[in-house]
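Engineer: Got query.txt for you, compact mmCIF, N, CA and C atoms:
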# COMPACT_ATOMS: atom_id res chain seq x y z
N MET A 1 -27.74 -2.81 -29.85
CA MET A 1 -26.37 -3.27 -29.74
C MET A 1 -26.05 -3.48 -28.26
N PRO A 2 -25.83 -4.73 -27.82
CA PRO A 2 -25.57 -5.01 -26.42
C PRO A 2 -24.29 -4.35 -25.93
N GLY A 3 -24.31 -3.81 -24.71
CA GLY A 3 -23.13 -3.24 -24.08
C GLY A 3 -22.76 -1.84 -24.53
N TRP A 4 -23.53 -1.23 -25.43
CA TRP A 4 -23.13 0.08 -25.92
C TRP A 4 -23.15 1.13 -24.83
N LYS A 5 -24.01 0.97 -23.81
CA LYS A 5 -24.08 1.97 -22.73
C LYS A 5 -22.89 1.86 -21.79
N THR A 6 -22.23 0.72 -21.73
CA THR A 6 -21.10 0.55 -20.83
C THR A 6 -19.76 0.54 -21.55
N ALA A 7 -19.77 0.65 -22.86
CA ALA A 7 -18.51 0.64 -23.60
C ALA A 7 -17.62 1.80 -23.14
N GLY A 8 -16.33 1.52 -22.94
CA GLY A 8 -15.39 2.55 -22.53
C GLY A 8 -15.47 2.88 -21.05
N ARG A 9 -16.16 2.05 -20.27
CA ARG A 9 -16.28 2.30 -18.83
C ARG A 9 -15.49 1.24 -18.07
N ASP A 10 -15.04 1.61 -16.87
CA ASP A 10 -14.29 0.65 -16.07
C ASP A 10 -15.21 0.00 -15.03
N SER A 11 -14.63 -0.65 -14.01
CA SER A 11 -15.44 -1.37 -13.03
C SER A 11 -16.34 -0.45 -12.20
N SER A 12 -16.08 0.84 -12.22
CA SER A 12 -16.95 1.78 -11.51
C SER A 12 -18.24 2.03 -12.29
N GLY A 13 -18.24 1.69 -13.58
CA GLY A 13 -19.39 1.96 -14.43
C GLY A 13 -19.42 3.38 -14.95
N LEU A 14 -18.37 4.15 -14.68
CA LEU A 14 -18.31 5.56 -15.08
C LEU A 14 -17.30 5.75 -16.21
N ALA A 15 -17.49 6.80 -16.97
CA ALA A 15 -16.57 7.11 -18.06
C ALA A 15 -15.23 7.59 -17.48
N PRO A 16 -14.13 6.96 -17.87
CA PRO A 16 -12.82 7.36 -17.36
C PRO A 16 -12.53 8.85 -17.55
N ASN A 17 -11.91 9.41 -16.52
CA ASN A 17 -11.46 10.80 -16.47
C ASN A 17 -12.59 11.82 -16.40
N SER A 18 -13.84 11.38 -16.25
CA SER A 18 -14.94 12.33 -16.04
C SER A 18 -14.87 12.79 -14.58
N GLU A 19 -15.54 13.89 -14.27
CA GLU A 19 -15.55 14.37 -12.89
C GLU A 19 -16.12 13.33 -11.93
N GLU A 20 -17.18 12.64 -12.37
CA GLU A 20 -17.79 11.61 -11.52
C GLU A 20 -16.83 10.45 -11.29
N TRP A 21 -16.11 10.07 -12.35
CA TRP A 21 -15.14 8.98 -12.26
C TRP A 21 -14.03 9.32 -11.27
N LEU A 22 -13.48 10.54 -11.39
CA LEU A 22 -12.41 10.97 -10.47
C LEU A 22 -12.91 11.00 -9.04
N ALA A 23 -14.11 11.52 -8.83
CA ALA A 23 -14.68 11.58 -7.48
C ALA A 23 -14.87 10.17 -6.91
N PHE A 24 -15.37 9.24 -7.75
CA PHE A 24 -15.56 7.86 -7.31
C PHE A 24 -14.24 7.27 -6.84
N TRP A 25 -13.21 7.35 -7.70
CA TRP A 25 -11.93 6.72 -7.37
C TRP A 25 -11.22 7.42 -6.22
N GLU A 26 -11.37 8.73 -6.08
CA GLU A 26 -10.79 9.42 -4.92
C GLU A 26 -11.42 8.90 -3.64
N GLY A 27 -12.74 8.62 -3.68
CA GLY A 27 -13.41 8.04 -2.52
C GLY A 27 -12.89 6.65 -2.19
N VAL A 28 -12.66 5.84 -3.23
CA VAL A 28 -12.12 4.49 -3.02
C VAL A 28 -10.73 4.58 -2.40
N ILE A 29 -9.89 5.47 -2.92
CA ILE A 29 -8.54 5.63 -2.38
C ILE A 29 -8.59 6.10 -0.94
N ASP A 30 -9.49 7.03 -0.62
CA ASP A 30 -9.64 7.47 0.77
C ASP A 30 -10.02 6.30 1.66
N GLU A 31 -10.93 5.43 1.18
CA GLU A 31 -11.32 4.25 1.95
C GLU A 31 -10.14 3.31 2.16
N ILE A 32 -9.37 3.09 1.11
CA ILE A 32 -8.23 2.17 1.20
C ILE A 32 -7.19 2.71 2.19
N THR A 33 -6.83 3.98 2.06
CA THR A 33 -5.78 4.54 2.92
C THR A 33 -6.22 4.69 4.37
N SER A 34 -7.54 4.74 4.61
CA SER A 34 -8.03 4.83 5.99
C SER A 34 -8.33 3.45 6.57
N GLY A 35 -8.16 2.40 5.76
CA GLY A 35 -8.43 1.05 6.23
C GLY A 35 -9.90 0.67 6.20
N GLN A 36 -10.72 1.46 5.54
CA GLN A 36 -12.16 1.23 5.51
C GLN A 36 -12.66 0.65 4.20
N HIS A 37 -11.76 0.19 3.33
CA HIS A 37 -12.16 -0.30 2.00
C HIS A 37 -12.98 -1.57 2.13
N SER A 38 -14.18 -1.57 1.57
CA SER A 38 -15.04 -2.75 1.66
C SER A 38 -15.81 -2.97 0.37
N ARG A 39 -15.29 -2.51 -0.75
CA ARG A 39 -15.95 -2.67 -2.04
C ARG A 39 -15.31 -3.82 -2.79
N PRO A 40 -15.90 -5.02 -2.70
CA PRO A 40 -15.26 -6.17 -3.32
C PRO A 40 -15.20 -6.10 -4.84
N TYR A 41 -16.05 -5.28 -5.46
CA TYR A 41 -16.05 -5.21 -6.92
C TYR A 41 -14.94 -4.32 -7.46
N CYS A 42 -14.24 -3.63 -6.61
CA CYS A 42 -13.15 -2.75 -7.04
C CYS A 42 -11.82 -3.48 -6.87
N ASP A 43 -11.62 -4.50 -7.69
CA ASP A 43 -10.40 -5.28 -7.56
C ASP A 43 -9.24 -4.71 -8.37
N ARG A 44 -9.52 -3.75 -9.23
CA ARG A 44 -8.46 -3.14 -10.04
C ARG A 44 -8.63 -1.64 -10.00
N ILE A 45 -7.53 -0.96 -9.72
CA ILE A 45 -7.55 0.50 -9.70
C ILE A 45 -6.87 0.98 -10.97
N PRO A 46 -7.53 1.84 -11.75
CA PRO A 46 -6.92 2.33 -13.00
C PRO A 46 -5.57 3.00 -12.76
N LEU A 47 -4.65 2.82 -13.71
CA LEU A 47 -3.32 3.41 -13.58
C LEU A 47 -3.37 4.92 -13.43
N GLU A 48 -4.34 5.56 -14.07
CA GLU A 48 -4.47 7.02 -13.95
C GLU A 48 -4.69 7.41 -12.49
N VAL A 49 -5.44 6.58 -11.75
CA VAL A 49 -5.70 6.86 -10.34
C VAL A 49 -4.43 6.64 -9.53
N VAL A 50 -3.69 5.57 -9.82
CA VAL A 50 -2.44 5.32 -9.12
C VAL A 50 -1.47 6.48 -9.35
N ASP A 51 -1.39 6.97 -10.59
CA ASP A 51 -0.54 8.13 -10.88
C ASP A 51 -0.93 9.33 -10.03
N ARG A 52 -2.23 9.57 -9.90
CA ARG A 52 -2.70 10.70 -9.09
C ARG A 52 -2.33 10.52 -7.62
N ILE A 53 -2.38 9.27 -7.13
CA ILE A 53 -1.99 9.01 -5.74
C ILE A 53 -0.52 9.36 -5.55
N ILE A 54 0.34 8.86 -6.46
CA ILE A 54 1.77 9.11 -6.35
C ILE A 54 2.06 10.60 -6.44
N GLU A 55 1.43 11.29 -7.39
CA GLU A 55 1.65 12.72 -7.55
C GLU A 55 1.17 13.49 -6.33
N GLY A 56 0.13 12.98 -5.67
CA GLY A 56 -0.46 13.69 -4.54
C GLY A 56 0.18 13.43 -3.20
N LEU A 57 1.22 12.57 -3.15
CA LEU A 57 1.88 12.31 -1.88
C LEU A 57 2.52 13.58 -1.35
N GLN A 58 2.34 13.83 -0.08
CA GLN A 58 2.93 15.01 0.54
C GLN A 58 4.45 14.81 0.64
N PRO A 59 5.21 15.90 0.52
CA PRO A 59 6.67 15.77 0.60
C PRO A 59 7.12 15.10 1.90
N SER A 60 6.37 15.30 2.99
CA SER A 60 6.77 14.70 4.26
C SER A 60 6.56 13.19 4.28
N SER A 61 5.63 12.69 3.47
CA SER A 61 5.37 11.25 3.49
C SER A 61 6.26 10.51 2.51
N ASN A 62 6.62 11.13 1.40
CA ASN A 62 7.52 10.58 0.39
C ASN A 62 7.05 9.28 -0.26
N CYS A 63 6.32 8.45 0.44
CA CYS A 63 6.06 7.12 -0.08
C CYS A 63 4.79 6.52 0.50
N MET A 64 4.15 5.70 -0.30
CA MET A 64 3.07 4.85 0.19
C MET A 64 3.69 3.47 0.30
N TRP A 65 3.69 2.91 1.51
CA TRP A 65 4.33 1.62 1.74
C TRP A 65 3.32 0.49 1.67
N LEU A 66 3.66 -0.55 0.95
CA LEU A 66 2.90 -1.79 0.93
C LEU A 66 3.68 -2.78 1.77
N ILE A 67 3.01 -3.35 2.76
CA ILE A 67 3.69 -4.24 3.69
C ILE A 67 3.27 -5.68 3.40
N ALA A 68 4.24 -6.51 3.07
CA ALA A 68 3.99 -7.93 2.83
C ALA A 68 4.42 -8.71 4.06
N SER A 69 3.60 -9.68 4.43
CA SER A 69 3.96 -10.54 5.56
C SER A 69 3.42 -11.93 5.29
N ARG A 70 3.81 -12.87 6.12
CA ARG A 70 3.36 -14.25 5.95
C ARG A 70 2.12 -14.47 6.81
N ALA A 71 1.10 -15.05 6.22
CA ALA A 71 -0.15 -15.28 6.93
C ALA A 71 -0.06 -16.48 7.87
N ASP A 72 0.96 -17.31 7.71
CA ASP A 72 1.05 -18.53 8.51
C ASP A 72 1.81 -18.36 9.82
N ARG A 73 2.18 -17.13 10.15
CA ARG A 73 2.88 -16.91 11.43
C ARG A 73 2.69 -15.50 11.93
N LYS A 74 3.00 -15.32 13.20
CA LYS A 74 2.88 -14.01 13.82
C LYS A 74 4.27 -13.58 14.30
N LEU A 75 4.64 -12.36 13.97
CA LEU A 75 5.93 -11.83 14.40
C LEU A 75 5.83 -11.33 15.84
N ALA A 76 6.98 -11.22 16.49
CA ALA A 76 7.01 -10.73 17.86
C ALA A 76 6.68 -9.24 17.94
N LEU A 77 6.88 -8.50 16.84
CA LEU A 77 6.55 -7.07 16.77
C LEU A 77 5.48 -6.86 15.71
N ASP A 78 4.59 -5.89 15.93
CA ASP A 78 3.57 -5.59 14.93
C ASP A 78 4.19 -4.77 13.80
N SER A 79 3.47 -4.64 12.70
CA SER A 79 4.02 -3.97 11.52
C SER A 79 4.34 -2.50 11.78
N ASP A 80 3.55 -1.82 12.63
CA ASP A 80 3.84 -0.42 12.95
C ASP A 80 5.18 -0.29 13.65
N SER A 81 5.46 -1.21 14.58
CA SER A 81 6.76 -1.18 15.28
C SER A 81 7.90 -1.46 14.31
N CYS A 82 7.68 -2.41 13.41
CA CYS A 82 8.71 -2.72 12.40
C CYS A 82 8.97 -1.50 11.52
N MET A 83 7.91 -0.81 11.10
CA MET A 83 8.06 0.40 10.27
C MET A 83 8.84 1.48 11.03
N ARG A 84 8.52 1.66 12.30
CA ARG A 84 9.21 2.67 13.11
C ARG A 84 10.70 2.36 13.18
N ILE A 85 11.03 1.10 13.45
CA ILE A 85 12.44 0.68 13.56
C ILE A 85 13.16 0.85 12.22
N LEU A 86 12.51 0.45 11.13
CA LEU A 86 13.12 0.62 9.81
C LEU A 86 13.32 2.10 9.49
N GLY A 87 12.37 2.94 9.87
CA GLY A 87 12.51 4.38 9.67
C GLY A 87 13.67 4.95 10.47
N GLU A 88 13.78 4.55 11.73
CA GLU A 88 14.88 5.01 12.57
C GLU A 88 16.23 4.58 11.99
N GLY A 89 16.25 3.42 11.34
CA GLY A 89 17.49 2.92 10.75
C GLY A 89 17.81 3.53 9.39
N GLY A 90 16.92 4.38 8.88
CA GLY A 90 17.16 5.03 7.60
C GLY A 90 16.87 4.16 6.40
N PHE A 91 16.08 3.10 6.58
CA PHE A 91 15.81 2.18 5.48
C PHE A 91 14.59 2.57 4.65
N LEU A 92 13.79 3.51 5.12
CA LEU A 92 12.57 3.89 4.40
C LEU A 92 12.82 5.12 3.55
N THR A 93 13.55 4.93 2.47
CA THR A 93 13.96 6.06 1.64
C THR A 93 13.31 6.10 0.27
N ALA A 94 12.48 5.11 -0.06
CA ALA A 94 11.85 5.07 -1.39
C ALA A 94 10.89 6.24 -1.55
N ARG A 95 10.62 6.58 -2.81
CA ARG A 95 9.61 7.58 -3.14
C ARG A 95 8.56 6.90 -4.00
N GLY A 96 7.35 7.40 -3.96
CA GLY A 96 6.27 6.80 -4.74
C GLY A 96 5.65 5.67 -3.96
N ILE A 97 5.81 4.46 -4.44
CA ILE A 97 5.28 3.28 -3.75
C ILE A 97 6.45 2.36 -3.43
N GLY A 98 6.58 1.98 -2.16
CA GLY A 98 7.64 1.08 -1.74
C GLY A 98 7.05 -0.17 -1.13
N ILE A 99 7.82 -1.24 -1.13
CA ILE A 99 7.36 -2.51 -0.57
C ILE A 99 8.31 -2.92 0.56
N ILE A 100 7.72 -3.31 1.67
CA ILE A 100 8.48 -3.85 2.79
C ILE A 100 8.06 -5.31 2.93
N ASN A 101 9.01 -6.21 2.87
CA ASN A 101 8.70 -7.64 2.96
C ASN A 101 9.07 -8.16 4.35
N LEU A 102 8.09 -8.11 5.27
CA LEU A 102 8.32 -8.62 6.62
C LEU A 102 8.34 -10.14 6.63
N GLY A 103 7.96 -10.76 5.54
CA GLY A 103 8.03 -12.22 5.43
C GLY A 103 9.45 -12.75 5.43
N ARG A 104 10.42 -11.88 5.23
CA ARG A 104 11.83 -12.29 5.24
C ARG A 104 12.42 -12.32 6.65
N ILE A 105 11.67 -11.89 7.64
CA ILE A 105 12.15 -11.95 9.02
C ILE A 105 12.11 -13.42 9.45
N PRO A 106 13.22 -13.95 9.97
CA PRO A 106 13.25 -15.36 10.36
C PRO A 106 12.20 -15.72 11.42
N ASP A 107 11.76 -16.95 11.38
CA ASP A 107 10.79 -17.47 12.36
C ASP A 107 11.41 -17.54 13.76
N GLY A 108 10.55 -17.40 14.75
CA GLY A 108 10.93 -17.68 16.13
C GLY A 108 11.72 -16.62 16.86
N LEU A 109 11.88 -15.43 16.30
CA LEU A 109 12.64 -14.38 16.97
C LEU A 109 11.81 -13.72 18.06
N THR A 110 12.46 -13.35 19.16
CA THR A 110 11.80 -12.56 20.20
C THR A 110 11.67 -11.12 19.71
N ALA A 111 11.01 -10.28 20.48
CA ALA A 111 10.87 -8.87 20.10
C ALA A 111 12.24 -8.20 19.99
N ALA A 112 13.12 -8.46 20.94
CA ALA A 112 14.46 -7.86 20.91
C ALA A 112 15.26 -8.37 19.72
N GLU A 113 15.16 -9.67 19.44
CA GLU A 113 15.88 -10.24 18.30
C GLU A 113 15.32 -9.71 16.97
N THR A 114 14.00 -9.53 16.92
CA THR A 114 13.38 -8.98 15.71
C THR A 114 13.86 -7.56 15.49
N GLU A 115 13.91 -6.76 16.55
CA GLU A 115 14.40 -5.38 16.43
C GLU A 115 15.84 -5.37 15.94
N ARG A 116 16.68 -6.22 16.52
CA ARG A 116 18.09 -6.28 16.09
C ARG A 116 18.18 -6.69 14.62
N PHE A 117 17.38 -7.70 14.22
CA PHE A 117 17.38 -8.14 12.82
C PHE A 117 16.99 -6.99 11.89
N LEU A 118 15.95 -6.23 12.25
CA LEU A 118 15.51 -5.11 11.42
C LEU A 118 16.61 -4.05 11.31
N ARG A 119 17.27 -3.73 12.41
CA ARG A 119 18.31 -2.69 12.39
C ARG A 119 19.53 -3.15 11.59
N GLU A 120 19.84 -4.44 11.63
CA GLU A 120 21.02 -4.94 10.94
C GLU A 120 20.74 -5.35 9.48
N ASN A 121 19.50 -5.69 9.17
CA ASN A 121 19.18 -6.24 7.85
C ASN A 121 18.03 -5.51 7.14
N GLY A 122 17.71 -4.33 7.60
CA GLY A 122 16.58 -3.59 7.02
C GLY A 122 16.69 -3.37 5.53
N ASP A 123 17.90 -3.26 5.02
CA ASP A 123 18.07 -3.04 3.59
C ASP A 123 17.64 -4.24 2.76
N THR A 124 17.54 -5.42 3.36
CA THR A 124 17.09 -6.60 2.61
C THR A 124 15.57 -6.72 2.59
N LEU A 125 14.88 -5.89 3.36
CA LEU A 125 13.41 -5.96 3.46
C LEU A 125 12.70 -4.91 2.62
N THR A 126 13.43 -3.90 2.17
CA THR A 126 12.79 -2.80 1.42
C THR A 126 13.29 -2.77 -0.01
What is this file in structure tokens?
Structural biologist:
Amino acid sequence: MPGWKTAGRDSSGLAPNSEEWLAFWEGVIDEITSGQHSRPYCDRIPLEVVDRIIEGLQPSSNCMWLIASRADRKLALDSDSCMRILGEGGFLTARGIGIINLGRIPDGLTAAETERFLRENGDTLT
């Protein structure tokens, strides 16, 4: 019977919720959060793993932020500076997973103008 050895397995090739499966996905998550993810075959992360990430967030971090930006332009400030400014403005209050859309920052702003835009309009980006 073709495929019987892989039935019930995900893209890791391991049985879901087994110790090996959890160890595999914890390694993938560590790679992703450290910026070292290079496994092109891991295009989908099981919801069980996402739940474990959310549950495992430290109280001090409160949130895993996903930052969206436009690939066709460069902002006057880098994303770390934008995050710092949004944090100082009290806009980073989500828990679990939050999204920041830096693509909504208008084109052509200087660094000072970008900072002012973030402080005045941060609630529209999160």
Engineer: Can you pull out every residue within 8 Å of A:Ala71, counting all atoms listed in the file, but drop anything in the same chain fewer than 3 positions away, and send it as a PyMOL selection string?
Structural biologist: chain A and resi 68+74+103
Engineer: I'd like the interatomic distance between atom C of A:Trp25 and atom N of A:Arg70, to a tenth of an Å.
Structural biologist: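 Atom-to-atom, atom C of A:Trp25 to atom N of A:Arg70, that is 28.1 Å.
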Engineer: With all atoms listed in the file as the basis for distance, which of A:Asn101, A:Glu113, A:Val28, A:Asp107 is at the shortest distance from A:Ser69?
Structural biologist: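 That would be A:Asn101, the residue with the smallest distance to A:Ser69.
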Engineer: Would you list the contacts of A:Ser81 as a PyMOL selection string, taking every protein, DNA or RNA residue within 8 Å and counting only N, CA and C atoms, but skipping same-chain residues closer than 5 positions in sequence?
Structural biologist: chain A and resi 86-87+115
Engineer: Just checking: using only C-alpha atoms, which residue out of A:Leu47, A:Ile100, A:Ala112, A:Ile67 ends up closest to A:Pro16?
Structural biologist: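 Of all the options, A:Leu47 lies closest to A:Pro16.
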Engineer: To one decimal in Å, tell me the separation between atom C of A:Leu75 and atom C of A:Gly108.
Structural biologist: 8.0 Å
Engineer: Rank A:Leu109, A:Ile29, A:Ile99, A:Ala76 by their smallest atom-to-atom distance to A:Thr126, using only N, CA and C atoms, and report the top residue only.
Structural biologist: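 Nearest to A:Thr126: A:Ile99.
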Engineer: Here is a test: counting all atoms listed in the file, which residue of A:Glu31, A:Arg119, A:Trp65, A:Val49 is nearest to A:Gly98?
Structural biologist: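 Of all the options, A:Trp65 lies closest to A:Gly98.
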